[in-house]
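Chemist: Got a file for you: upload.pdb, PDB, C-alpha atoms.
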ATOM      1  CA  MET L 724       3.847  -3.806   6.299  1.00  0.00           C
ATOM      2  CA  THR L 725       3.272  -1.689   9.371  1.00  0.00           C
ATOM      3  CA  ARG L 726       0.925   1.286   9.489  1.00  0.00           C
ATOM      4  CA  THR L 727       3.859   3.700   9.690  1.00  0.00           C
ATOM      5  CA  GLU L 728       5.533   2.210   6.612  1.00  0.00           C
ATOM      6  CA  TYR L 729       2.223   2.338   4.798  1.00  0.00           C
ATOM      7  CA  PHE L 730       1.623   5.973   5.744  1.00  0.00           C
ATOM      8  CA  VAL L 731       5.123   7.060   4.669  1.00  0.00           C
ATOM      9  CA  SER L 732       4.846   5.194   1.368  1.00  0.00           C
ATOM     10  CA  GLY L 733       1.473   6.893   0.827  1.00  0.00           C
ATOM     11  CA  LEU L 734       3.068  10.299   1.305  1.00  0.00           C
ATOM     12  CA  ILE L 735       5.786   9.381  -1.198  1.00  0.00           C
ATOM     13  CA  ALA L 736       3.154   8.244  -3.699  1.00  0.00           C
ATOM     14  CA  LEU L 737       1.142  11.432  -3.149  1.00  0.00           C
ATOM     15  CA  PHE L 738       4.224  13.559  -3.861  1.00  0.00           C
ATOM     16  CA  ALA L 739       4.982  11.552  -7.011  1.00  0.00           C
ATOM     17  CA  TYR L 740       1.328  11.865  -8.159  1.00  0.00           C
ATOM     18  CA  ALA L 741       1.535  15.631  -7.748  1.00  0.00           C
ATOM     19  CA  MET L 742       4.804  15.740  -9.658  1.00  0.00           C
ATOM     20  CA  GLY L 743       3.400  13.629 -12.519  1.00  0.00           C
ATOM     21  CA  PHE L 744       0.207  15.639 -12.805  1.00  0.00           C
ATOM     22  CA  GLY L 745       2.177  18.881 -12.569  1.00  0.00           C
ATOM     23  CA  ILE L 746       4.373  17.844 -15.467  1.00  0.00           C
ATOM     24  CA  MET L 747       1.329  16.819 -17.501  1.00  0.00           C
ATOM     25  CA  ALA L 748      -0.457  20.129 -16.839  1.00  0.00           C
ATOM     26  CA  GLY L 749       2.571  22.361 -17.328  1.00  0.00           C
ATOM     27  CA  ALA L 750       4.014  21.105 -20.583  1.00  0.00           C
ATOM     28  CA  GLY L 751       1.981  20.193 -23.650  1.00  0.00           C
ATOM     29  CA  ASP L 752       4.675  18.151 -25.405  1.00  0.00           C
ATOM     30  CA  ALA L 753       6.041  16.689 -22.164  1.00  0.00           C
ATOM     31  CA  ALA L 754       2.692  15.236 -21.076  1.00  0.00           C
ATOM     32  CA  ALA L 755       4.008  11.771 -21.951  1.00  0.00           C
ATOM     33  CA  VAL L 756       6.690  12.210 -19.288  1.00  0.00           C
ATOM     34  CA  GLY L 757       3.974  12.746 -16.687  1.00  0.00           C
ATOM     35  CA  VAL L 758       2.210   9.586 -17.806  1.00  0.00           C
ATOM     36  CA  ILE L 759       5.493   7.671 -17.635  1.00  0.00           C
ATOM     37  CA  ILE L 760       5.884   8.874 -14.045  1.00  0.00           C
ATOM     38  CA  LEU L 761       2.278   8.071 -13.083  1.00  0.00           C
ATOM     39  CA  ILE L 762       2.235   4.456 -14.282  1.00  0.00           C
ATOM     40  CA  PRO L 763       4.864   3.167 -11.802  1.00  0.00           C
ATOM     41  CA  VAL L 764       3.446   5.404  -9.049  1.00  0.00           C
ATOM     42  CA  ILE L 765      -0.001   3.846  -9.466  1.00  0.00           C
ATOM     43  CA  TRP L 766       1.573   0.378  -9.457  1.00  0.00           C
ATOM     44  CA  PHE L 767       3.535   1.258  -6.287  1.00  0.00           C
ATOM     45  CA  ALA L 768       0.421   2.570  -4.511  1.00  0.00           C
ATOM     46  CA  LEU L 769      -1.598  -0.523  -5.407  1.00  0.00           C
ATOM     47  CA  ALA L 770       1.196  -2.854  -4.296  1.00  0.00           C
ATOM     48  CA  GLN L 771       1.533  -1.048  -0.966  1.00  0.00           C
ATOM     49  CA  GLY L 772      -2.224  -1.239  -0.384  1.00  0.00           C
ATOM     50  CA  TRP L 773      -2.173  -4.934  -1.283  1.00  0.00           C
ATOM     51  CA  LYS L 774       0.632  -5.631   1.217  1.00  0.00           C
ATOM     52  CA  ARG L 775      -1.033  -3.589   3.955  1.00  0.00           C
ATOM     53  CA  SER L 776      -4.348  -5.379   3.487  1.00  0.00           C
ATOM     54  CA  HIS L 777      -2.508  -8.700   3.827  1.00  0.00           C
ATOM     55  CA  ASP L 778      -1.016  -7.490   7.108  1.00  0.00           C
ATOM     56  CA  ALA L 779      -4.541  -6.757   8.308  1.00  0.00           C
ATOM     57  CA  GLY L 780      -5.554 -10.314   7.372  1.00  0.00           C
ATOM     58  CA  TRP L 781      -7.688  -9.221   4.411  1.00  0.00           C
ATOM     59  CA  HIS L 782      -7.390 -10.336   0.801  1.00  0.00           C
ATOM     60  CA  GLY L 783      -5.301  -7.947  -1.278  1.00  0.00           C
ATOM     61  CA  ILE L 784      -8.091  -7.150  -3.722  1.00  0.00           C
ATOM     62  CA  VAL L 785      -9.760  -5.177  -0.922  1.00  0.00           C
ATOM     63  CA  ALA L 786      -7.138  -2.474  -1.480  1.00  0.00           C
ATOM     64  CA  MET L 787      -8.640  -1.827  -4.918  1.00  0.00           C
ATOM     65  CA  ILE L 788     -11.900  -0.574  -3.370  1.00  0.00           C
ATOM     66  CA  PRO L 789     -11.968   3.249  -3.245  1.00  0.00           C
ATOM     67  CA  TYR L 790     -11.215   4.773   0.172  1.00  0.00           C
ATOM     68  CA  VAL L 791     -10.219   1.449   1.728  1.00  0.00           C
ATOM     69  CA  ASN L 792      -6.567   2.450   1.365  1.00  0.00           C
ATOM     70  CA  PHE L 793      -7.284   5.361   3.704  1.00  0.00           C
ATOM     71  CA  VAL L 794      -8.967   3.011   6.188  1.00  0.00           C
ATOM     72  CA  LEU L 795      -5.914   0.733   6.114  1.00  0.00           C
ATOM     73  CA  ILE L 796      -3.888   3.475   7.812  1.00  0.00           C
ATOM     74  CA  PHE L 797      -5.973   3.003  10.948  1.00  0.00           C
ATOM     75  CA  VAL L 798      -6.713  -0.750  10.895  1.00  0.00           C
ATOM     76  CA  SER L 799      -4.440  -2.744  13.144  1.00  0.00           C
ATOM     77  CA  GLY L 800      -2.667  -5.754  11.671  1.00  0.00           C
ATOM     78  CA  ASP L 801      -3.091  -9.286  12.953  1.00  0.00           C
ATOM     79  CA  LYS L 802      -1.303  -9.929  16.255  1.00  0.00           C
ATOM     80  CA  GLY L 803       0.656 -12.905  14.982  1.00  0.00           C
ATOM     81  CA  ALA L 804       1.218 -14.605  11.671  1.00  0.00           C
ATOM     82  CA  ASN L 805      -1.727 -14.950   9.317  1.00  0.00           C
ATOM     83  CA  ALA L 806      -2.364 -16.813   6.065  1.00  0.00           C
ATOM     84  CA  TYR L 807      -0.304 -14.214   4.166  1.00  0.00           C
ATOM     85  CA  GLY L 808       2.866 -14.470   6.241  1.00  0.00           C
ATOM     86  CA  PRO L 809       4.520 -13.548   9.518  1.00  0.00           C
ATOM     87  CA  ASN L 810       3.859 -10.363  11.450  1.00  0.00           C
ATOM     88  CA  PRO L 811       6.280  -7.699  10.090  1.00  0.00           C
ATOM     89  CA  ARG L 812       6.739  -6.225  13.562  1.00  0.00           C
ATOM     90  CA  LEU L 813       8.154  -9.520  14.833  1.00  0.00           C
ATOM     91  CA  ASN L 814      10.939  -9.663  12.194  1.00  0.00           C
ATOM     92  CA  GLY L 815       9.566 -12.824  10.599  1.00  0.00           C
ATOM     93  CA  THR L 816      10.189 -15.083  13.584  1.00  0.00           C
ATOM     94  CA  GLU L 817       6.831 -16.854  13.277  1.00  0.00           C
ATOM     95  CA  PRO L 818       5.821 -19.485  10.732  1.00  0.00           C
ATOM     96  CA  ALA L 819       3.563 -18.342   7.865  1.00  0.00           C
ATOM     97  CA  ASN L 820       0.791 -20.723   8.914  1.00  0.00           C
ATOM     98  CA  PRO L 821      -0.189 -19.931  12.523  1.00  0.00           C
ATOM     99  CA  SER L 822      -1.882 -23.320  12.987  1.00  0.00           C
ATOM    100  CA  GLY L 823       1.422 -25.068  12.283  1.00  0.00           C
ATOM    101  CA  GLY L 824      -0.092 -27.333   9.635  1.00  0.00           C
TER     102      GLY L 824
END
Hey, can you dump this file as structure tokens for me?

Modeler:
Amino acid sequence: MTRTEYFVSGLIALFAYAMGFGIMAGAGDAAAVGVIILIPVIWFALAQGWKRSHDAGWHGIVAMIPYVNFVLIFVSGDKGANAYGPNPRLNGTEPANPSGG
């Protein structure tokens, strides 16, 4: 996942968070609807952070550390393929294991 894709998906998640929390705050009986919206949004945000950390060559669990997701916007990905797969900017033309073994 490139930095641009990660940034755009973060904006989408931020908008969905705001919508979910707005529904929860605005309607007493409809608070469950806000929770139903927030659960997949949180899953989406964690999955995007996990994929972005793999692009940077880090283990995905790093994305669970607070504020690291913000840092991932600025960290450059590996130049070629890494242990997690090919470089997304090269359209998957490289093997997943850069050593060829």

Chemist: For a test of reading the model, state the distance in Å between CA of Val794 in chain L and CA of Ile762 in chain L, rounded to one decimal.

Modeler: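 About the pair CA of Val794 in chain L and CA of Ile762 in chain L: they are 23.4 Å apart.
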
Chemist: Taking all atoms listed in the file into account, which of L:Gly800, L:Gly743, L:Gly733, L:Gly780 comes nearest Phe767 in chain L?

Modeler: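 Comparing L:Gly800, L:Gly743, L:Gly733, L:Gly780 against Phe767 in chain L, the winner is L:Gly733.
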
Chemist: Between CA of Gly808 in chain L and CA of Pro763 in chain L, what is the distance, to one decimal in Å?

Modeler: 25.3 Å

Chemist: For range 749-757 of chain L, please output as an MDAnalysis selection string all residues within 10 Å (counting all atoms listed in the file; exclusion window: fewer than 6 positions along the same chain).

Modeler: chainID L and resid 739:743

Chemist: Restricted to C-alpha atoms, what would the selected residues look like written as an mmCIF file, in the frame of the given file?

Modeler:
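Listing of part07.cif after writing:
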data_model
loop_
_atom_site.group_PDB
_atom_site.id
_atom_site.type_symbol
_atom_site.label_atom_id
_atom_site.label_comp_id
_atom_site.auth_asym_id
_atom_site.auth_seq_id
_atom_site.Cartn_x
_atom_site.Cartn_y
_atom_site.Cartn_z
ATOM 1 C CA ALA L 739 4.982 11.552 -7.011
ATOM 2 C CA TYR L 740 1.328 11.865 -8.159
ATOM 3 C CA ALA L 741 1.535 15.631 -7.748
ATOM 4 C CA MET L 742 4.804 15.740 -9.658
ATOM 5 C CA GLY L 743 3.400 13.629 -12.519
#

Chemist: Smallest atom-to-atom distance to Lys802 in chain L: which of L:Thr725, L:Phe738, L:Ala748, L:Leu769, using only C-alpha atoms?

Modeler: L:Thr725

Chemist: Once 3 Å is added on each side, what centre and edge lengths in Å to one decimal does the axis-aligned box around all listed atoms of range 761-780 of chain L have, as AutoDock Vina command-line options?

Modeler:
--center_x -0.3 --center_y -1.1 --center_z -3.0 --size_x 16.4 --size_y 24.4 --size_z 28.6

Chemist: With a distance cut-off of 10 Å and only C-alpha atoms, select the neighbouring residues of Val798 in chain L, excluding the residue or stretch itself and same-chain residues fewer than 2 positions from it, and output the selection as a list in words.

Modeler: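 Those residues are Arg726, Arg775, Ser776, Asp778, Ala779, Phe793, Val794, Leu795, Ile796, Gly800 and Asp801 of chain L.
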
Chemist: Report, in Å with one decimal, the straight-line distance from CA of Lys774 in chain L to CA of Met724 in chain L.

Modeler: 6.3 Å
